[in-house]
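Reviewing the structure listed below.
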Amino acid sequence: AVQYSAPEWLRSNNITALAGDSESGIFAGDEQGRLYEIQGNKVKTTEFGSLDGYNRVRKIIASPGGAVWIAMDEALVYKKGSVEKRVKGNGNPKIILLQGDKLWLGASKSVGWVDTKTLQYREVEKRRFTAMCGDSDGYVWAGGIDGLSSNLDNFKSNRANQFPILKSRIVALETAGSGAIWVVTPETGLLKAAVQGGQIHSVQQINSALPHPIQSIQSVFQENGTQGKIWLATNSGVYGIDPQFNITHFDTHSGLSDNDVSAVYVENDTLWATTVKGINKITVRSNQPHFDFPTYITGLHYHSGNMNIDSSYLGQLQNSKRCVLPSNASLVELDLTALDLSSDRNFRFKCIKSEHLLPFFYWTPKNLVNALQKVQDITWISSATLSFGVKLPAGTYHIRVLGYNTRDEPSAKEGYIELIMLPYWYETLWFWLFCWTSLGFAIFRIYKTRIAFRELNAAASELQLQALRAQMNPHFVGNSINAIQQFFYPPDPEGASEYISLFNRLLRQTMHFSEQNFIPFREELAYDEDYLRMIQLRFSDRFQFDISGAEAVPNELPFPSMLLQPILENATLHGLSPTGISRLSLAFELKDDFLQCQVQDNGLGIQEMLQRKKLQNSERKSRGLEMLQKKIDTLNRLYDLEMHMHFIDLAEETKEAHGTKVTLQFRLSNLSNPKLKSGWRRS
């Protein structure tokens with residue numbers, strides 16, 4: 001670093017303005033109206049004088065051809081070689097901007113422009129402006145004490161009315177490349193406004209994108225047009241921000257004579273900065289070999305319970321470090337440093353964190369996944385402390401740190417540490433495997449118990465069905481034997497013989513069918529026909545029956561054994577006509593997926609029968625139908641047949657009719673139930 005200060009180089013140390021030109025060198029101005037031209041080791045001073053001893057140089061522009069424009073409190077001066085001309089404006093000059101043949105001038109009372117050829121001034125608007133820049137569309141932007149305006153409407157509209165964040169004193173303005181300008185205010189620091197056609201479309205607050213906010217900005221300088229860094233002169237040194245928002249910082253430790261910087265200018269590898277102690281020249285990038293400085297991890301800090309644990313590695317700088325952290329460790333931090341005396345503490349660090357497997361016994365599901373995916377995290381920090389947040393997840397972490405100095409030169413040796421963050425016992429993979437195994441075993445046991453319960457329930461239902469069949473058989477036999485007595489008085493040997501023959505056949509079939517839950521439909525139909533013929537023998541011409549629809553039902557269709565017999569028996573006992581001929585019909589019908597069986601008689605009907613039983617004080621329920629309903633419930637539970645039985649009093653449908661209609665139906669598709677195969681036979 002090189003410092004130009006009084007009395008060796010300058011007349012005053014309080015330098016207030018700075019500009020550069022590739023041909024003419026560096027120009028600087030002080031608070032007493034002096035212009036300094038710096039060429040290598042030579043400094044030329046031009047004094048413009050002062051009326052009261054204070055004539056601050058606010059802005060210098062070096063134009064092509066060796067001409068220089070100087071805006072001072074007392075005048076605007078044009079200087080080229082030995083020629084000096086003062087340009088008269090309206091008010092004290094504050095800011096100037098060269099744009100083609102126009103030199104825009106913002107003064108204490110007005111804003112306007114000067115024709116660079118004739119040096120004639122033309123006023124545009126009577127307002128005070130203190131900052132000015134141009135944009136990529138050719139529009140001029142001017143900032144004052146309460147906002148920002150453009151020459152789109154001759155600086156009449158304040159764009160801060162649309163964007164309140166701009167409603168403040170504008171400290172500095174600078175072009176930010178295509179469609180953008182930099183704006184500096186005391187309250188918000190650096191802003192980036194998107195502009196087009198003299199209008200503002202959006203405003204971005206840059207401090208929110210930086211690791212640490214930058215305050216007290218005095219002026220800005222855009223290096224190399226749009227692709228270089230934006231340099232900020234502040235009261236805490238010079239900051240450089242690249243397009244990725246990485247920060248470079250120079251202060252007294254980097255060679256500045258003072259941290260209070262008023263202006264900055266960067267050309268190639270050299271940074272010029274003005275302070276209250278003179279002008280500073282610092283090399284920011286160098287092609288010369290540099291000192292291969294190392295990066296170190298010097299300390300580890302974390303909380304464990306109510307204790308703060310601090311470990312220093314100052315005595316182990318040359319060795320790799322390994323630390324095992326307890327499960328309850330929190331707020332883990334590493335201290336970083338790099339040994340480059342030219343940058344002192346002004347480093348930024350590239351921190352690379354990669355996760356690896358824990359020791360086998362401590363594996364966790366998340367650590368296993370991250371280690372297999374080779375998760376790696378890269379973080380840039382400007383401070384000397386790397387923080388891992390409140391709680392570092394369990395895992396083995398390899399931390400590599402590489403320091404970068406103020407010239408963006410990387411460290412030749414990186415710092416390294418291995419951190420092993422132990423998990424709590426309930427976070428380990430083995431605990432979760434135990435939980436899932438236990439849960440799976442419990443589900444398996446519950447499943448097996450439910451299967452066993454269902455099998456037991458099915459067995460109980462089967463026993464109940466067998467018990468019902470055992471009760472129905474004596475009921476049928478008893479009713480049939482009682483009917484034989486009528487053939488003795490008066491004697492009817494032929495009728496008795498035929499009746500007994502049918503009864504004997506029905507009895508054998510009843511005993512045979514009682515062993516099966518299902519029989520072929522044709523056998524059930526033959527059984528029902530024999531039963532109705534036996535009843536017809538009993539009542540002779542006073543009873544008639546007919547069977548219809550049976551031809552549409554497949555002969556081998558599984559049919560619940562002796563299902564219709566209790567219904568037919570109830571109809572022949574209680575559904576006989578009190579006068580005339582008793583008629584009974586049995587009809588079968590295939591309807592959608594259901595087989596429907598319908599038994600209809602022309603007896604008294606349900607309601608009339610109940611009335612007579614009340615008058616006779618006999619309210620005994622039909623034992624056969626009661627057992628049939630239990631049989632239907634059991635068959636539904638075992639084989640899911642969706643079987644239903646309905647009784648209808650015909651007198652409820654038509655007043656002139658009488659009798660009872662019983663409808664029984666079940667779903668055919670459910671006859672394919674695998675459980676049904678064990679409950680029926682094919683003859």
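Starting from 1 in every chain, residues are counted up; chains themselves are A, B, ... following the order of the structure tokens, and ligands are numbered from 1 as listed.
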
Give me, as an mmCIF file with C-alpha atoms, in the first residue's frame, all polymer residues having an atom no more than 9 Å from stretch 594-602 of chain A, counting only C-alpha atoms and skipping those fewer than 2 positions away in the same chain.
```cif
data_model
loop_
_atom_site.group_PDB
_atom_site.id
_atom_site.type_symbol
_atom_site.label_atom_id
_atom_site.label_comp_id
_atom_site.auth_asym_id
_atom_site.auth_seq_id
_atom_site.Cartn_x
_atom_site.Cartn_y
_atom_site.Cartn_z
ATOM 1 C CA VAL A 553 -82.785 -72.952 -12.581
ATOM 2 C CA LEU A 564 -88.088 -74.528 1.793
ATOM 3 C CA ILE A 567 -92.068 -72.720 4.827
ATOM 4 C CA LEU A 568 -94.133 -75.367 3.002
ATOM 5 C CA ALA A 571 -98.281 -73.082 4.801
ATOM 6 C CA THR A 572 -99.974 -76.525 4.934
ATOM 7 C CA GLY A 575 -102.351 -71.448 5.411
ATOM 8 C CA LEU A 576 -105.256 -73.726 4.466
ATOM 9 C CA SER A 577 -108.389 -72.125 3.203
ATOM 10 C CA ILE A 581 -110.117 -75.758 -1.871
ATOM 11 C CA SER A 582 -106.735 -74.836 -0.388
ATOM 12 C CA ARG A 583 -104.167 -73.835 -3.007
ATOM 13 C CA LEU A 584 -100.419 -73.507 -2.622
ATOM 14 C CA SER A 585 -97.954 -72.332 -5.263
ATOM 15 C CA LEU A 586 -94.165 -72.621 -5.291
ATOM 16 C CA ALA A 587 -92.444 -70.371 -7.840
ATOM 17 C CA PHE A 588 -88.765 -69.927 -8.714
ATOM 18 C CA GLU A 589 -87.322 -66.938 -10.549
ATOM 19 C CA LEU A 590 -83.799 -65.893 -11.572
ATOM 20 C CA LYS A 591 -83.685 -62.111 -11.116
ATOM 21 C CA ASP A 592 -80.394 -60.300 -11.765
ATOM 22 C CA LEU A 604 -106.637 -66.706 6.341
ATOM 23 C CA GLY A 605 -103.529 -64.512 6.125
ATOM 24 C CA LEU A 650 -102.184 -60.560 0.675
ATOM 25 C CA ALA A 657 -107.585 -61.295 -1.582
ATOM 26 C CA HIS A 658 -106.538 -63.356 1.401
ATOM 27 C CA GLY A 659 -103.609 -65.611 2.185
ATOM 28 C CA THR A 660 -99.874 -65.282 2.777
ATOM 29 C CA LYS A 661 -96.919 -64.849 0.434
ATOM 30 C CA VAL A 662 -93.411 -65.771 1.601
ATOM 31 C CA THR A 663 -90.442 -64.650 -0.487
ATOM 32 C CA LEU A 664 -86.945 -66.011 0.078
ATOM 33 C CA GLN A 665 -83.926 -64.972 -2.031
ATOM 34 C CA PHE A 666 -80.141 -65.188 -1.993
ATOM 35 C CA ARG A 667 -77.248 -64.006 -4.198
ATOM 36 C CA LEU A 668 -75.971 -66.519 -6.751
ATOM 37 C CA SER A 669 -72.479 -65.042 -7.255
#
```

Can you list, as a list in words, every protein, DNA or RNA residue that comes within 9 Å of A:Trp432 when you count only C-alpha atoms, leaving out same-chain residues fewer than 5 positions away? Thr364, Pro365, Tyr426, Glu427 and Thr437 of chain A

How about saving the chosen residues, C-alpha atoms kept, as a PDB file, in the first residue's frame?
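Saved the output as result_1.pdb:
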```
ATOM      1  CA  THR A 364     -29.225 -43.387  12.313  1.00  0.00           C
ATOM      2  CA  PRO A 365     -31.673 -43.602   9.349  1.00  0.00           C
ATOM      3  CA  TYR A 426     -33.870 -43.352  20.390  1.00  0.00           C
ATOM      4  CA  GLU A 427     -32.444 -41.869  17.169  1.00  0.00           C
ATOM      5  CA  THR A 437     -39.921 -55.374  14.095  1.00  0.00           C
TER       6      THR A 437
END
```

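Interatomic distance, atom CA of A:Ala394 to atom CA of A:Gly305: 16.9 Å.
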
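Among the candidates A:Ser110, A:Gln39, A:Asn570, A:Thr295, the residue lying nearest to A:Leu625 is A:Asn570 (atoms considered: only C-alpha atoms).
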
From the DSSP assignment of the backbone, select every residue of stretch 185-330 of chain A that is helix (DSSP H, G or I), and format the answer as a VMD selection string. chain A and resid 206 to 209 252 to 254 314 to 316

Just N, CA and C atoms for this one: save the residues we selected as a compact mmCIF listing (two decimals), in the first residue's frame.
```txt
# COMPACT_ATOMS: atom_id res chain seq x y z
N ILE A 206 -30.02 -4.46 -1.08
CA ILE A 206 -28.86 -5.33 -1.17
C ILE A 206 -28.43 -5.83 0.20
N ASN A 207 -28.58 -5.02 1.25
CA ASN A 207 -28.15 -5.46 2.58
C ASN A 207 -28.80 -6.76 3.01
N SER A 208 -30.03 -7.01 2.54
CA SER A 208 -30.72 -8.24 2.92
C SER A 208 -30.08 -9.47 2.28
N ALA A 209 -29.29 -9.29 1.22
CA ALA A 209 -28.62 -10.41 0.56
C ALA A 209 -27.20 -10.61 1.06
N THR A 252 -7.76 -0.16 7.78
CA THR A 252 -6.41 0.22 8.21
C THR A 252 -5.48 -1.00 8.29
N HIS A 253 -6.06 -2.19 8.54
CA HIS A 253 -5.22 -3.39 8.58
C HIS A 253 -4.73 -3.78 7.19
N SER A 254 -5.40 -3.27 6.17
CA SER A 254 -5.01 -3.59 4.79
C SER A 254 -4.12 -2.52 4.18
N LEU A 314 -4.86 -24.21 19.34
CA LEU A 314 -3.71 -23.39 18.98
C LEU A 314 -2.41 -24.19 19.03
N GLY A 315 -2.37 -25.21 19.87
CA GLY A 315 -1.17 -26.05 19.95
C GLY A 315 -1.18 -27.20 18.98
N GLN A 316 -2.22 -27.33 18.16
CA GLN A 316 -2.31 -28.45 17.21
C GLN A 316 -2.53 -27.94 15.79
```

From a DSSP pass on the backbone, collect the residues of stretch 198-422 of chain A flagged as strand (DSSP E or B) and hand them back as JSON, numbers by chain. {"A": [199, 200, 201, 202, 203, 204, 205, 217, 218, 219, 220, 221, 222, 230, 231, 232, 233, 234, 235, 237, 238, 239, 240, 241, 247, 248, 249, 250, 261, 262, 263, 264, 265, 266, 267, 270, 271, 272, 273, 274, 275, 278, 279, 280, 281, 282, 283, 294, 295, 296, 297, 298, 299, 300, 301, 302, 303, 304, 307, 308, 309, 310, 311, 312, 321, 322, 323, 324, 325, 329, 330, 331, 332, 333, 334, 335, 336, 337, 338, 348, 349, 350, 351, 352, 353, 354, 355, 356, 376, 377, 378, 379, 380, 381, 385, 386, 387, 395, 396, 397, 398, 399, 400, 401, 402, 403, 404, 410, 413, 415, 416, 417, 418, 419, 420, 421]}

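Taking only C-alpha atoms, the non-local environment of A:Lys229 within 7 Å (same-chain residues fewer than 3 positions away omitted) comprises A:Gln222, A:Glu223, A:Gly240, A:Ile241, A:Asp242, A:Pro243.
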
Atom-to-atom span, atom CA of A:Leu334 and atom CA of A:Gln373, Å: 25.3 Å
